[in-house]
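Shown below: query.txt, with compact mmCIF, C-alpha atoms.
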# COMPACT_ATOMS: atom_id res chain seq x y z
CA MET F 1253 10.84 63.83 38.73
CA SER F 1254 9.27 66.10 41.36
CA ASP F 1255 5.66 65.72 42.55
CA PRO F 1256 3.06 68.01 41.01
CA GLU F 1257 2.06 71.02 43.10
CA PHE F 1258 -1.61 71.92 43.50
CA PHE F 1259 -2.60 75.42 44.55
CA LYS F 1260 -5.55 77.78 44.45
CA VAL F 1261 -5.44 80.93 42.32
CA LYS F 1262 -7.78 83.81 43.05
CA TYR F 1263 -8.78 85.72 39.94
CA LYS F 1264 -9.57 89.44 40.18
CA LEU F 1265 -12.16 88.75 37.51
CA THR F 1266 -14.19 86.75 40.05
CA ASP F 1267 -14.74 89.84 42.23
CA GLN F 1268 -15.12 92.19 39.30
CA ILE F 1269 -18.05 90.45 37.64
CA SER F 1270 -20.02 90.44 40.90
CA ARG F 1271 -19.70 94.19 41.55
CA GLU F 1272 -22.83 96.28 41.52
CA GLY F 1273 -23.81 97.70 38.16
CA GLY F 1274 -22.86 96.01 34.96
CA MET F 1275 -25.57 94.57 32.79
CA THR F 1276 -27.59 91.45 32.19
CA MET F 1277 -26.34 88.74 29.86
CA ALA F 1278 -29.21 89.55 27.51
CA LEU F 1279 -28.25 93.21 27.26
CA ALA F 1280 -24.53 92.44 26.92
CA ASN F 1281 -25.24 90.06 24.05
CA GLU F 1282 -27.56 92.51 22.35
CA ARG F 1283 -24.96 95.28 22.61
CA ALA F 1284 -22.23 92.96 21.32
CA GLY F 1285 -24.41 92.06 18.34
CA ARG F 1286 -24.93 95.76 17.56
CA GLU F 1287 -21.22 96.55 17.81
CA MET F 1288 -20.35 93.63 15.55
CA LYS F 1289 -23.00 94.61 13.02
CA ALA F 1290 -21.20 97.93 12.53
CA LEU F 1291 -18.12 96.02 11.36
CA GLU F 1292 -19.95 93.47 9.25
CA GLY F 1293 -19.38 95.29 5.94
CA LYS F 1294 -15.61 95.40 6.41
CA SER F 1295 -15.59 91.81 7.61
CA ARG F 1296 -17.46 90.64 4.53
CA GLU F 1297 -14.95 92.47 2.34
CA ALA F 1298 -12.07 90.76 4.15
CA VAL F 1299 -13.64 87.29 3.79
CA ALA F 1300 -14.38 87.90 0.08
CA ALA F 1301 -10.79 89.06 -0.54
CA THR F 1302 -9.40 85.97 1.20
CA ILE F 1303 -11.61 83.61 -0.80
CA ASP F 1304 -10.45 85.42 -3.98
CA ALA F 1305 -6.84 84.89 -2.91
CA LEU F 1306 -7.55 81.19 -2.37
CA GLU F 1307 -9.09 81.01 -5.84
CA ALA F 1308 -5.98 82.62 -7.34
CA MET F 1309 -3.79 80.08 -5.53
CA ALA F 1310 -5.93 77.19 -6.78
CA LYS F 1311 -5.54 78.48 -10.35
CA ALA F 1312 -1.80 79.09 -10.14
CA ARG F 1313 -1.16 75.69 -8.48
CA THR F 1314 2.23 76.76 -7.20
CA ALA F 1315 1.66 77.71 -3.56
CA PRO F 1316 2.88 75.47 -0.76
CA MET F 1317 0.17 73.70 1.25
CA ASP F 1318 1.09 75.79 4.31
CA ALA F 1319 0.09 78.95 2.43
CA VAL F 1320 -3.28 77.49 1.41
CA TYR F 1321 -3.87 76.34 4.99
CA ASP F 1322 -2.99 79.77 6.41
CA LEU F 1323 -5.40 81.55 4.05
CA ALA F 1324 -8.18 79.10 4.87
CA THR F 1325 -7.69 79.74 8.58
CA GLN F 1326 -8.05 83.46 7.89
CA VAL F 1327 -11.54 82.81 6.51
CA LEU F 1328 -12.35 80.84 9.66
CA ASP F 1329 -10.89 83.61 11.80
CA ILE F 1330 -13.40 86.21 10.64
CA ALA F 1331 -16.41 84.12 9.54
CA GLY F 1332 -16.16 82.20 12.81
CA LEU F 1333 -16.88 85.35 14.80
CA TYR F 1334 -20.11 85.88 12.86
CA ASP F 1335 -21.32 82.33 13.37
CA GLN F 1336 -21.30 81.64 9.61
CA ARG F 1337 -21.77 77.95 10.19
CA LEU F 1338 -21.98 76.59 6.66
CA LEU F 1339 -19.05 78.65 5.38
CA CYS F 1340 -17.02 77.64 8.43
CA GLU F 1341 -17.91 73.99 7.92
CA ALA F 1342 -16.71 74.15 4.31
CA THR F 1343 -13.58 76.09 5.29
CA TYR F 1344 -12.87 73.63 8.07
CA ALA F 1345 -12.97 70.85 5.44
CA LEU F 1346 -10.42 72.78 3.35
CA CYS F 1347 -8.21 73.24 6.43
CA GLU F 1348 -8.42 69.53 7.22
CA LEU F 1349 -7.68 68.63 3.59
CA THR F 1350 -4.58 70.84 3.35
CA ASP F 1351 -3.45 69.76 6.83
CA ARG F 1352 -3.61 66.11 5.74
CA LEU F 1353 -1.90 66.86 2.43
CA ARG F 1354 0.98 68.76 4.01
CA SER F 1355 1.49 66.14 6.70
CA GLN F 1356 1.79 63.53 3.91
CA ASN F 1357 3.97 65.79 1.72
CA ARG F 1358 1.34 65.61 -0.98
CA VAL F 1359 -0.43 68.11 -3.23
CA ASP F 1360 -3.90 67.76 -4.76
CA TRP F 1361 -4.97 70.95 -6.47
CA LYS F 1362 -8.08 69.34 -7.94
CA ALA F 1363 -9.45 68.62 -4.49
CA ILE F 1364 -8.45 72.09 -3.29
CA SER F 1365 -10.18 73.72 -6.28
CA VAL F 1366 -13.40 71.84 -5.53
CA HIS F 1367 -13.29 73.19 -1.97
CA VAL F 1368 -12.56 76.75 -3.07
CA ASP F 1369 -15.41 76.63 -5.62
CA ALA F 1370 -17.73 75.48 -2.82
CA LEU F 1371 -16.58 78.37 -0.62
CA LYS F 1372 -17.39 80.82 -3.40
CA LEU F 1373 -20.82 79.27 -3.93
CA ILE F 1374 -21.69 79.37 -0.24
CA TRP F 1375 -20.37 82.90 0.13
CA ALA F 1376 -22.41 84.15 -2.82
CA ALA F 1377 -25.62 82.42 -1.71
CA PRO F 1378 -28.15 84.18 0.52
CA PRO F 1379 -28.42 82.69 4.04
CA ARG F 1380 -31.88 81.29 3.27
CA ALA F 1381 -30.28 79.05 0.61
CA HIS F 1382 -27.80 77.53 3.06
CA ALA F 1383 -30.16 74.81 4.25
CA GLY F 1384 -30.18 73.37 0.74
CA MET F 1385 -26.39 73.44 0.49
CA LYS F 1386 -25.57 71.04 3.28
CA SER F 1387 -25.06 68.19 0.83
CA LEU F 1388 -22.37 70.31 -0.83
CA VAL F 1389 -20.43 70.38 2.43
CA GLU F 1390 -21.04 66.67 2.94
CA GLY F 1391 -19.43 66.15 -0.46
CA LEU F 1392 -16.37 68.12 0.63
CA TRP F 1393 -16.00 65.95 3.69
CA ALA F 1394 -16.27 62.84 1.54
CA ILE F 1395 -13.24 64.12 -0.39
CA VAL F 1396 -11.37 64.81 2.84
CA GLU F 1397 -12.16 61.37 4.23
CA HIS F 1398 -10.89 59.88 0.98
CA MET F 1399 -7.54 61.59 1.58
CA LYS F 1400 -6.26 58.94 3.96
CA ASP F 1401 -2.68 58.69 4.98
CA PRO F 1402 -1.23 55.85 2.84
CA ASP F 1403 1.11 54.94 5.71
CA ALA F 1404 -1.81 54.54 8.14
CA ALA F 1405 -3.36 51.51 6.41
CA MET Q 731 -20.08 75.22 37.52
CA SER Q 732 -22.98 74.50 35.22
CA GLY Q 733 -22.67 73.19 31.70
CA PHE Q 734 -25.97 74.80 30.79
CA ALA Q 735 -26.63 78.16 29.20
CA LEU Q 736 -26.79 81.00 31.71
CA SER Q 737 -30.03 82.79 32.35
CA PRO Q 738 -30.29 86.01 30.30
CA ASP Q 739 -31.11 87.80 33.58
CA VAL Q 740 -27.75 86.99 35.19
CA ARG Q 741 -25.83 90.23 35.74
CA MET Q 742 -22.16 90.62 35.07
CA ASN Q 743 -19.90 93.64 35.51
CA LEU Q 744 -16.81 93.87 33.32
CA GLU Q 745 -16.42 97.66 33.54
CA ARG Q 746 -13.21 97.47 35.56
CA SER Q 747 -11.72 94.46 33.83
CA VAL Q 748 -8.58 94.82 31.74
CA VAL Q 749 -8.70 92.39 28.82
CA LEU Q 750 -5.88 91.59 26.41
CA LEU Q 751 -7.06 90.52 22.94
CA VAL Q 752 -4.54 88.88 20.62
CA ASP Q 753 -5.04 88.00 16.94
CA ASP Q 754 -2.78 88.52 13.94
CA ASN Q 755 -5.81 89.04 11.71
CA ALA Q 756 -6.57 92.77 12.02
CA GLN Q 757 -10.22 92.45 11.03
CA ALA Q 758 -10.87 89.55 13.38
CA LEU Q 759 -9.18 91.52 16.17
CA ASP Q 760 -11.43 94.52 15.53
CA VAL Q 761 -14.53 92.33 15.58
CA LEU Q 762 -13.43 90.66 18.80
CA ALA Q 763 -12.82 94.07 20.35
CA SER Q 764 -16.28 95.21 19.30
CA MET Q 765 -17.75 92.12 20.97
CA PHE Q 766 -15.99 93.02 24.24
CA ARG Q 767 -17.12 96.66 23.95
CA GLY Q 768 -20.64 95.31 23.80
CA PHE Q 769 -19.96 93.28 26.93
CA GLY Q 770 -19.06 96.54 28.71
CA VAL Q 771 -15.27 96.10 28.74
CA HIS Q 772 -13.83 99.63 28.54
CA ARG Q 773 -10.21 98.71 29.12
CA GLN Q 774 -9.00 96.62 26.23
CA VAL Q 775 -5.45 96.09 25.02
CA LYS Q 776 -5.10 94.80 21.47
CA SER Q 777 -2.04 92.91 20.22
CA SER Q 778 -1.44 91.68 16.70
CA SER Q 779 1.17 89.08 17.67
CA ALA Q 780 2.14 86.86 20.57
CA ALA Q 781 5.48 88.69 20.80
CA ASP Q 782 3.67 92.00 21.25
CA ALA Q 783 1.35 90.36 23.80
CA GLN Q 784 4.42 89.21 25.77
CA GLN Q 785 5.50 92.84 26.13
CA VAL Q 786 2.02 93.81 27.32
CA VAL Q 787 2.04 91.02 29.90
CA LYS Q 788 5.43 92.21 31.18
CA SER Q 789 4.27 95.80 31.54
CA ARG Q 790 0.81 95.67 33.14
CA GLU Q 791 -1.65 93.60 35.10
CA LEU Q 792 -4.44 91.95 33.19
CA ASP Q 793 -7.70 90.29 34.24
CA LEU Q 794 -8.30 88.14 31.18
CA ILE Q 795 -6.47 87.18 28.00
CA VAL Q 796 -8.31 86.07 24.87
CA ILE Q 797 -5.97 84.81 22.17
CA ASP Q 798 -6.30 83.19 18.77
CA THR Q 799 -4.36 79.97 18.37
CA ALA Q 800 -3.20 80.25 14.76
CA MET Q 801 -0.59 82.97 14.39
CA PRO Q 802 2.73 83.13 12.54
CA GLY Q 803 5.81 82.84 14.72
CA MET Q 804 4.75 82.17 18.28
CA ASP Q 805 1.21 80.76 18.22
CA GLY Q 806 -1.47 81.03 20.90
CA TYR Q 807 -0.52 77.72 22.52
CA ASP Q 808 3.15 78.66 22.88
CA PHE Q 809 2.16 82.04 24.26
CA VAL Q 810 0.06 80.44 27.02
CA ARG Q 811 2.84 78.01 27.87
CA TRP Q 812 5.26 80.96 28.10
CA LEU Q 813 2.75 82.87 30.23
CA ARG Q 814 2.36 80.00 32.68
CA THR Q 815 6.06 79.29 33.06
CA GLU Q 816 8.10 82.42 32.29
CA ALA Q 817 5.88 85.49 32.66
CA PRO Q 818 6.26 87.79 35.68
CA GLU Q 819 4.74 86.35 38.89
CA GLY Q 820 1.82 88.81 38.96
CA THR Q 821 0.51 87.82 35.56
CA ARG Q 822 1.52 84.18 35.32
CA PHE Q 823 -1.88 82.82 36.33
CA THR Q 824 -4.05 85.28 34.40
CA PRO Q 825 -7.05 83.40 33.04
CA VAL Q 826 -6.83 82.62 29.32
CA ILE Q 827 -9.47 81.76 26.74
CA LEU Q 828 -8.08 80.30 23.51
CA LEU Q 829 -9.98 80.78 20.27
CA THR Q 830 -9.35 78.10 17.70
CA GLY Q 831 -10.42 77.72 14.11
CA HIS Q 832 -9.03 74.45 12.81
CA ALA Q 833 -7.16 72.08 15.09
CA ALA Q 834 -4.16 71.03 13.01
CA ARG Q 835 -2.70 67.61 13.75
CA ALA Q 836 0.52 69.08 15.06
CA THR Q 837 -1.32 71.20 17.64
CA VAL Q 838 -3.68 68.74 19.36
CA GLU Q 839 -1.21 67.96 22.15
CA LYS Q 840 -0.20 71.59 22.45
CA SER Q 841 -3.82 72.54 22.98
CA ARG Q 842 -4.17 70.02 25.80
CA ASP Q 843 -0.88 70.86 27.46
CA CYS Q 844 -0.53 74.65 27.15
CA GLY Q 845 -2.43 75.57 30.32
CA ALA Q 846 -5.37 77.63 29.01
CA ASN Q 847 -8.57 77.83 31.06
CA PHE Q 848 -10.92 77.24 28.16
CA VAL Q 849 -10.79 76.64 24.41
CA ILE Q 850 -13.58 77.94 22.19
CA SER Q 851 -13.94 76.56 18.67
CA LYS Q 852 -15.05 78.86 15.89
CA PRO Q 853 -17.72 79.51 14.80
CA PHE Q 854 -19.19 80.86 18.01
CA THR Q 855 -21.64 83.56 19.05
CA PRO Q 856 -21.32 86.36 21.65
CA PRO Q 857 -23.45 84.41 24.19
CA VAL Q 858 -20.99 81.50 24.03
CA LEU Q 859 -18.00 83.76 24.69
CA LEU Q 860 -19.79 85.61 27.46
CA GLN Q 861 -20.72 82.33 29.10
CA ARG Q 862 -17.11 81.14 29.00
CA ILE Q 863 -15.97 84.41 30.59
CA TYR Q 864 -18.47 83.76 33.38
CA TRP Q 865 -17.21 80.20 33.73
CA VAL Q 866 -13.61 81.42 33.91
CA ALA Q 867 -14.54 83.91 36.64
CA LYS Q 868 -16.32 81.19 38.60
CA ASP Q 869 -13.71 78.54 37.85
CA GLU Q 870 -12.79 76.80 41.09
CA ARG Q 871 -10.30 74.37 39.67
CA GLN Q 872 -6.93 74.34 41.36
CA PHE Q 873 -3.79 75.11 39.42
CA VAL Q 874 -1.34 72.31 38.79
CA SER Q 875 2.37 72.85 38.37
CA CYS Q 876 4.68 70.05 37.29
CA GLU Q 877 7.52 69.58 34.82
CA SER Q 878 5.28 69.03 31.82
CA TYR Q 879 2.28 71.23 32.64
CA VAL Q 880 1.35 74.45 34.41
CA GLY Q 881 -2.30 75.47 34.32
CA PRO Q 882 -5.75 74.78 35.67
CA ASP Q 883 -6.39 71.17 36.64
CA ARG Q 884 -7.58 69.53 33.44
CA ARG Q 885 -9.95 67.29 35.38
CA PHE Q 886 -13.36 68.87 35.85
CA LYS Q 887 -14.55 67.37 39.11
CA ASN Q 888 -18.03 65.93 39.01
CA LEU Q 889 -18.27 63.74 42.04
CA GLY Q 890 -21.93 62.90 41.47
CA PRO Q 891 -24.28 61.48 44.08
CA PRO Q 892 -22.89 59.10 46.73
CA ALA Q 893 -22.74 55.39 45.90
CA GLY Q 894 -26.14 53.73 46.10
CA LYS Q 895 -28.08 57.02 45.89
CA ARG Q 896 -29.91 58.27 42.85
CA GLY Q 897 -29.07 61.70 41.48
CA ARG Q 898 -31.60 64.40 40.73
CA ARG Q 899 -30.96 64.09 37.01
CA LYS Q 900 -31.52 60.85 35.15
CA ASP Q 901 -28.01 60.88 33.70
CA ASP Q 902 -26.21 61.57 37.01
CA LEU Q 903 -23.36 59.14 37.52
CA SER Q 904 -22.32 57.91 40.92
CA GLY Q 905 -19.20 59.40 42.47
CA LYS Q 906 -17.98 55.86 43.13
CA VAL Q 907 -16.44 54.72 39.89
CA GLY Q 908 -15.28 51.26 40.93
CA ALA Q 909 -12.70 49.08 39.27
CA ALA Q 910 -11.98 49.51 35.57
CA LYS Q 911 -13.86 47.08 33.35
CA GLU Q 912 -12.07 47.89 30.12
CA PRO Q 913 -8.39 48.47 29.30
CA ASN Q 914 -7.06 52.02 29.54
CA MET Q 915 -7.32 54.11 26.39
CA PHE Q 916 -4.20 54.72 24.35
CA GLN Q 917 -2.88 58.31 24.30
CA ASP Q 918 -3.78 58.62 20.59
CA GLU Q 919 -7.40 57.79 21.38
CA ILE Q 920 -7.50 60.38 24.15
CA ASP Q 921 -5.94 62.97 21.84
CA MET Q 922 -8.61 62.31 19.24
CA LEU Q 923 -11.31 62.90 21.86
CA LEU Q 924 -9.79 66.31 22.54
CA LYS Q 925 -9.55 67.26 18.87
CA PRO Q 926 -12.53 69.40 17.86
CA SER Q 927 -14.36 67.55 15.13
CA ARG Q 928 -17.02 68.13 12.58
CA VAL Q 929 -20.54 68.43 13.92
CA PRO Q 930 -23.54 67.65 11.67
CA LEU Q 931 -25.43 70.83 10.82

Translate this structure into C-alpha cells?
Amino acid sequence: MSDPEFFKVKYKLTDQISREGGMTMALANERAGREMKALEGKSREAVAATIDALEAMAKARTAPMDAVYDLATQVLDIAGLYDQRLLCEATYALCELTDRLRSQNRVDWKAISVHVDALKLIWAAPPRAHAGMKSLVEGLWAIVEHMKDPDAA
Amino acid sequence: MSGFALSPDVRMNLERSVVLLVDDNAQALDVLASMFRGFGVHRQVKSSSAADAQQVVKSRELDLIVIDTAMPGMDGYDFVRWLRTEAPEGTRFTPVILLTGHAARATVEKSRDCGANFVISKPFTPPVLLQRIYWVAKDERQFVSCESYVGPDRRFKNLGPPAGKRGRRKDDLSGKVGAAKEPNMFQDEIDMLLKPSRVPL
C-alpha cells in the first residue's frame, strides 16, 4: 500500500468572499429568509402531500420499508430547510424506525401508523402549540428504542 | 477557524461564485436556490440528480457544490467520492457541503469516507449554512489522497497551548496529549460518534 499524499488546495471561493462589495452576514440571512418565505406556501403543500402519501401507505400496509423510508426523508428534505424542528424530530424518528425495520427484514405497520399520526398532529398544530407536544415525540422515540435488533442482544 | 457563530457584521461576497446545487426533491432544490439567491449568489446551477451533476462538473468550473445525500441511484456520498477520484483535474477538489436528513445505518461509513468538506444535518437555518460556506472558504486543512480516501484531512487541528501553560479559555486542552490511558476505541464506537443523533429539544 502506498503512503498517503498530503497537499494544499487553494479554493477560488477563498478569494471571492473577501472581494470588495458583497453584504454582511446579517443582511444575507435576512434576504435569504425573505426569498424562502416566498416559497413557503408551495413547500407547505409539498410537505402536506407527502404526509398524506405516508398516511395512505400506513393504511394500505403493502409498501416496502424502503418506500416508507424514502417518503419520510422527503418530509425531512423540505421541512429541514425551514427549521421545522419538532416535525423534523418526529420524522427523524420515523426514518430511524423504518431504517431499523428494513435492516432487520421486519415490518411493523402499527408502529409506523403511530408515527404518521404524530406527523399529522404536529403538522396541523400551530407553532405555539409545539412546546406542549414534545412528549409526543419522546413517545415516538420510546417506540424506536424498543425496536432493537434481536440479533444484537 | 472558529467554532463560534460569526459576527453579523462580517462581510462576504459571493457575487462571482458559481454554485452547483443538487437535490432530487424539486421543491427542496427551489428552496435551497432561494436561500443562495438571498446570499447574493447570482450564478447557480441546479441539478436534480447526481448523474446530471456529473455532467455539469465535466463541463464547467465550479466554486462550491452543495448536495443532498439521499437520492435515488447515485447518492450524495457516491457523487463526492466520484468527484474526488474521477472528475476532471480542474474540478476534483471543489469544496463540497453535504446536506443530510437521516443518517441511515448503511451510510455512516460513506459519510465519513466520501471526502466532503462539511456535513450539515437538517433541520438547519440560513445562518448555519452561510457560516459553513465561510468555514469552507477559510478551510486551511490539507487534502489527503490515499487508496481509501481522497478529501480534506478529517483531523481538525487544535494544537492548544504548549505543555505546562494555561490557555485563554478554561476548557483549552494542552497540545501535548501524552501516552494513552485507555484502550483505543473500536471502529463501531467511532462510527457511532460520527452518526448524527437525536438532540433534546

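The spacing separating atom CA of F:Phe1259 from atom CA of Q:Ile797 amounts to 24.5 Å.
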
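Atom CA of Q:Gln785 is positioned 21.5 Å from atom CA of Q:Arg746.
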
Please, which residues in chain Q fall within 8 Å of chain F when counting all atoms listed in the file, and what is the closest atom pair and distance in Å to one decimal for each, ordered by chain then residue number, as a tab-separated table?
residue	atom	partner	partner_atom	distance
Q:Leu736	CA	F:Met1277	CA	8.0
Q:Ser737	CA	F:Met1277	CA	7.4
Q:Pro738	CA	F:Ala1278	CA	4.6
Q:Asp739	CA	F:Thr1276	CA	5.3
Q:Val740	CA	F:Thr1276	CA	5.4
Q:Arg741	CA	F:Thr1276	CA	4.1
Q:Met742	CA	F:Ile1269	CA	4.9
Q:Asn743	CA	F:Gly1274	CA	3.8
Q:Leu744	CA	F:Ile1269	CA	5.6
Q:Glu745	CA	F:Gly1274	CA	6.8
Q:Arg746	CA	F:Gln1268	CA	6.7
Q:Ser747	CA	F:Leu1265	CA	6.8
Q:Asn755	CA	F:Gln1326	CA	7.1
Q:Gln757	CA	F:Ser1295	CA	6.4
Q:Ala758	CA	F:Ile1330	CA	5.0
Q:Val761	CA	F:Met1288	CA	6.0
Q:Leu762	CA	F:Leu1333	CA	7.5
Q:Ser764	CA	F:Glu1287	CA	5.3
Q:Met765	CA	F:Ala1284	CA	4.6
Q:Phe766	CA	F:Ala1284	CA	6.9
Q:Arg767	CA	F:Ala1284	CA	6.8
Q:Gly768	CA	F:Ala1284	CA	3.8
Q:Phe769	CA	F:Ala1280	CA	4.6
Q:Gly770	CA	F:Ala1280	CA	7.1
Q:Asp793	CA	F:Leu1265	CA	5.7
Q:Leu794	CA	F:Leu1265	CA	7.4
Q:Ala800	CA	F:Thr1325	CA	7.7
Q:Phe823	CA	F:Val1261	CA	7.2
Q:Thr824	CA	F:Tyr1263	CA	7.3
Q:Pro825	CA	F:Tyr1263	CA	7.5
Q:Gly831	CA	F:Leu1328	CA	5.8
Q:His832	CA	F:Tyr1344	CA	6.2
Q:Ala834	CA	F:Asp1351	CA	6.3
Q:Arg835	CA	F:Asp1351	CA	7.3
Q:Lys852	CA	F:Gly1332	CA	4.7
Q:Pro853	CA	F:Gly1332	CA	3.7
Q:Phe854	CA	F:Asp1335	CA	5.3
Q:Thr855	CA	F:Asp1335	CA	5.8
Q:Pro856	CA	F:Asn1281	CA	5.9
Q:Pro857	CA	F:Asn1281	CA	5.9
Q:Leu860	CA	F:Met1277	CA	7.6
Q:Tyr864	CA	F:Ile1269	CA	7.9
Q:Ala867	CA	F:Thr1266	CA	4.5
Q:Lys868	CA	F:Thr1266	CA	6.1
Q:Arg871	CA	F:Lys1260	CA	7.6
Q:Gln872	CA	F:Lys1260	CA	4.8
Q:Phe873	CA	F:Phe1259	CA	5.3
Q:Val874	CA	F:Phe1258	CA	4.7
Q:Ser875	CA	F:Glu1257	CA	5.1
Q:Cys876	CA	F:Pro1256	CA	4.5
Q:Glu877	CA	F:Ser1254	CA	7.6
Q:Arg928	CA	F:Glu1341	CA	7.5
Q:Leu931	CA	F:Lys1386	CA	7.5

Set the distance at 7 Å and use all atoms listed in the file: which residues neighbour Q:Asp754 once local chain neighbours fewer than 6 positions away are removed? I'd like the list as a list in words.
Ser778, Ser779 and Met801 of chain Q

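For Q:Val786, the list of residues within 12 Å, based on all atoms listed in the file and with local chain neighbours fewer than 6 positions off taken out, reads Q:Val748, Q:Val749, Q:Leu750, Q:Leu751, Q:Val752, Q:Gln774, Q:Val775, Q:Lys776, Q:Ser777, Q:Ser778, Q:Ser779, Q:Ala780, Q:Leu792, Q:Ile795, Q:Leu813, Q:Ala817, Q:Pro818, Q:Thr821.
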
Give me, please, the distance in Å between atom CA of Q:Ser878 and atom CA of Q:Cys844, quoted to one decimal.
9.3 Å

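The closest residue to F:Ala1342, picked from F:Ile1364, F:Met1385, F:Ala1300, F:Ala1370 and counting only C-alpha atoms, is F:Ala1370.
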
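Nearest-residue note for Q:Ala763: choosing from Q:Phe848, Q:Pro802, Q:Asp883, Q:Val796, the minimum distance belongs to Q:Val796, counting all atoms listed in the file.
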
F:Leu1349, F:Leu1388, F:Val1396, F:Ala1319 ranked by distance to F:Leu1371, top pick (using all atoms listed in the file)
F:Leu1388
